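Written below as structure tokens is the structure these notes are about.
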2 protein chains.
Amino acid sequence: MPESTAKKPSRIQRRNRRVILDAALEVFSKHGYRGATLDQIAAEAGLSKPNILYYFNGKEDIHVTLLSQLMETWLDPLVELDPEGDPRREILDYVERKLTMSRELPRESRLFANEILQGAPRIEPELHSHLKPLFDEKCAVIAGWVTAGKLPPLDPQHLIFSIWATTQHYADFEAQAQILLGPEIDPRPRAQAHLQAMFGALLDLPEPSANG
Amino acid sequence: MPESTAKKPSRIQRRNRRVILDAALEVFSKHGYRGATLDQIAAEAGLSKPNILYYFNGKEDIHVTLLSQLMETWLDPLVELDPEGDPRREILDYVERKLTMSRELPRESRLFANEILQGAPRIEPELHSHLKPLFDEKCAVIAGWVTAGKLPPLDPQHLIFSIWATTQHYADFEAQAQILLGPEIDPRPRAQAHLQAMFGALLDLPEPSANG
DNA sequence: TTGTTTTTTTACCATTTGGTAAATCCACGA
DNA sequence: TCGTGGATTTACCAAATGGTAAAAAAACAA
């Protein structure tokens, strides 16, 4: 068995683990952890249930593996925020990257949303070890920009929360948006314009007044 | 039995239905629909499982009843948005009411978030009959304000989405915020300041320039 | 008190679901 | 070609879970 102390995963192993994780992403993101069943994942993957348990130690193992592997991808847009770049440009570009990600990886967004909603029982360690340091680092960068007068006074932590909330909203609450806007159109082009305007307004330095 | 064609619910019936719905809110909001069990709800309510099924026709009946009853409360802050009021004040007050609601009714927020995340399978009719008309009405109000020049050009639909996303975020993603900010402090006071600044900046009419 | 209705409990049941044991199949190197 | 180890299937199982029937208990009207 491809157990913990495995040496080299065979071609079949790599392929099937990938197939299973992709199927699990589909099912977990749609039904949540408890709502998903191994039978659904097996059907989606085109494998039998025992065969799936041959590659993973159990349902929770699949879920944790999925979350851990996705963490890097998920944090990538924030990693790219460059302390050396132009503050306003960096943050607005970050908003755009996050919105793009909510369009291209909606399943991943919903998977994380589900997990956090339940209190992050299975991903909490990852949040402490990966998300928190990155969050603190980038908050410090933004705070530095504020101190340097390159941005108006603002709250870095809550700015980032607002960016997360508004961009991920279009993936996590897609069902609601479809009811309110109609199912045909992708709301994101207009969302992009709106968010750029909103965060742009927040980041605008007030022009030095004539009498100042 | 207190069936569909019941006439007058007794005192016991009213009390127990209320107790059950409150327990169900606690359990459903914490574990989602599939993750919640009738045994958990029964334990939380201090009643036996068959006794709960004496008052409701099943798990789904409890869930739907809960969502329907909460809909009114949930939409109330938006109902209060007054077409006759000052546009900027009305919208910023709406933001504040929504943030207050995310502090005082976090379980309700998570209940709805769970339901929407799963594709709103059980609450979709309510969204069409209650949420959509209200949403359209208030979007029209805001659009009218823009046309009247009382607000800068902005997208009413996505403005409301942004308000929902940013305020509900503090209830729905509380687990994440606690990890990033520490579990002791309530982030909402600073969130309130941040959100007022952000939406305030968006709603600001640019001052007429001297050369315009 | 007594008879009737409402409420609650006890004892179940069928299905679902995560998981396992063991037999079988199959790829592949010697 | 044949043997060996990895991969897959078949046949299960125990626990959890939504739900029910019917008896018992409690409330209440007369």
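Every chain in the structure tokens takes a letter, A first, then B, and so on in the order presented; its residues are numbered from 1, and the ligands are numbered from 1 following the presented order.
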
> Please, which residues of chain B lie no more than 6 Å from chain A when the count uses only C-alpha atoms, and can they be set out as a PyMOL selection string?
Replying inline: chain B and resi 30-31+34-35+116-119+132+162+165-166+172-173+175+180+198+201-202

Check which residues of chain A sit at most 12 Å from chain C using only C-alpha atoms (C1' of nucleotides), and return one row each with the closest pair of atoms and their distance in Å to one decimal, ordered by chain and rising number, as a tab-separated table.
residue	atom	partner	partner_atom	distance
A:Ser10	CA	C:DA27	C1'	11.6
A:Arg11	CA	C:DA27	C1'	11.7
A:Ile12	CA	C:DA27	C1'	10.5
A:Arg34	CA	C:DT17	C1'	10.8
A:Gly35	CA	C:DT17	C1'	11.1
A:Ala36	CA	C:DT17	C1'	10.3
A:Thr37	CA	C:DT17	C1'	7.3
A:Leu38	CA	C:DG18	C1'	7.6
A:Asp39	CA	C:DT17	C1'	8.5
A:Gln40	CA	C:DT17	C1'	11.0
A:Lys49	CA	C:DG19	C1'	9.6
A:Pro50	CA	C:DG19	C1'	8.4
A:Asn51	CA	C:DG19	C1'	11.7
A:Ile52	CA	C:DG19	C1'	11.2
A:Leu53	CA	C:DG19	C1'	8.3
A:Tyr54	CA	C:DT20	C1'	10.9
A:Phe56	CA	C:DG19	C1'	11.7
A:Asn57	CA	C:DG19	C1'	9.8
A:Gly58	CA	C:DG18	C1'	7.9
A:Lys59	CA	C:DG18	C1'	7.7
A:Glu60	CA	C:DG18	C1'	10.3

Could you turn the residues from that selection into a file that holds C-alpha atoms, as a PDB file, in the first residue's frame?
ATOM      1  CA  SER A  10       4.171   5.109  -8.989  1.00  0.00           C
ATOM      2  CA  ARG A  11       2.588   6.665 -12.053  1.00  0.00           C
ATOM      3  CA  ILE A  12      -0.728   5.037 -11.166  1.00  0.00           C
ATOM      4  CA  ARG A  34     -20.336  16.225   6.556  1.00  0.00           C
ATOM      5  CA  GLY A  35     -22.583  16.474   3.527  1.00  0.00           C
ATOM      6  CA  ALA A  36     -20.080  14.761   1.276  1.00  0.00           C
ATOM      7  CA  THR A  37     -19.910  10.979   1.166  1.00  0.00           C
ATOM      8  CA  LEU A  38     -17.144   8.652   0.110  1.00  0.00           C
ATOM      9  CA  ASP A  39     -19.548   7.076  -2.354  1.00  0.00           C
ATOM     10  CA  GLN A  40     -20.086  10.431  -4.064  1.00  0.00           C
ATOM     11  CA  LYS A  49     -14.913   3.226  -2.496  1.00  0.00           C
ATOM     12  CA  PRO A  50     -12.434   0.670  -1.155  1.00  0.00           C
ATOM     13  CA  ASN A  51     -10.053   1.690  -3.888  1.00  0.00           C
ATOM     14  CA  ILE A  52     -10.216   5.257  -2.658  1.00  0.00           C
ATOM     15  CA  LEU A  53      -9.460   4.086   0.857  1.00  0.00           C
ATOM     16  CA  TYR A  54      -6.467   2.321  -0.598  1.00  0.00           C
ATOM     17  CA  PHE A  56      -6.118   7.692   1.553  1.00  0.00           C
ATOM     18  CA  ASN A  57      -6.460   6.774   5.190  1.00  0.00           C
ATOM     19  CA  GLY A  58     -10.041   7.964   5.363  1.00  0.00           C
ATOM     20  CA  LYS A  59     -12.472  10.725   4.598  1.00  0.00           C
ATOM     21  CA  GLU A  60     -10.757  13.196   6.885  1.00  0.00           C
TER      22      GLU A  60
END

Contact table chain D vs chain A, cut-off 10 Å, shortest pair per residue, only C-alpha atoms (C1' of nucleotides), as JSON lines:
{"residue": "D:DG5", "atom": "C1'", "partner": "A:Met1", "partner_atom": "CA", "distance": 9.8}
{"residue": "D:DG6", "atom": "C1'", "partner": "A:Met1", "partner_atom": "CA", "distance": 7.3}
{"residue": "D:DA7", "atom": "C1'", "partner": "A:Asn51", "partner_atom": "CA", "distance": 8.2}
{"residue": "D:DT8", "atom": "C1'", "partner": "A:Asn51", "partner_atom": "CA", "distance": 6.4}
{"residue": "D:DT9", "atom": "C1'", "partner": "A:Ser48", "partner_atom": "CA", "distance": 8.0}

Expected file contents, prior selection, C-alpha atoms (C1' of nucleotides), as a PDB file, in the first residue's frame:
ATOM      1  C1'  DG D   5       4.036  -7.018  -5.508  1.00  0.00           C
ATOM      2  C1'  DG D   6       1.024  -3.383  -6.356  1.00  0.00           C
ATOM      3  C1'  DA D   7      -3.934  -2.310  -7.606  1.00  0.00           C
ATOM      4  C1'  DT D   8      -8.840  -3.431  -7.566  1.00  0.00           C
ATOM      5  C1'  DT D   9     -13.040  -5.717  -6.508  1.00  0.00           C
TER       6       DT D   9
END

> If you run DSSP on this backbone, which residues of range 7-181 of chain A come out as helix (DSSP H, G or I), and could you give them as a ChimeraX atom specification?
Replying inline: /A:11-35,38-45,49-55,59-79,87-104,106-117,124-147,156-172,174-181

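Here CA of Arg122 in chain A and CA of Tyr55 in chain A stand 19.6 Å from one another.
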
>> Can you measure CA of Asp186 in chain B to CA of Arg103 in chain B for me? One decimal in Å is fine.
In response: 9.0 Å

> What is the CA of Tyr94 in chain A-CA of Ile142 in chain A distance in Å, reported with one decimal?
Replying inline: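 Those two atoms sit 12.4 Å apart.
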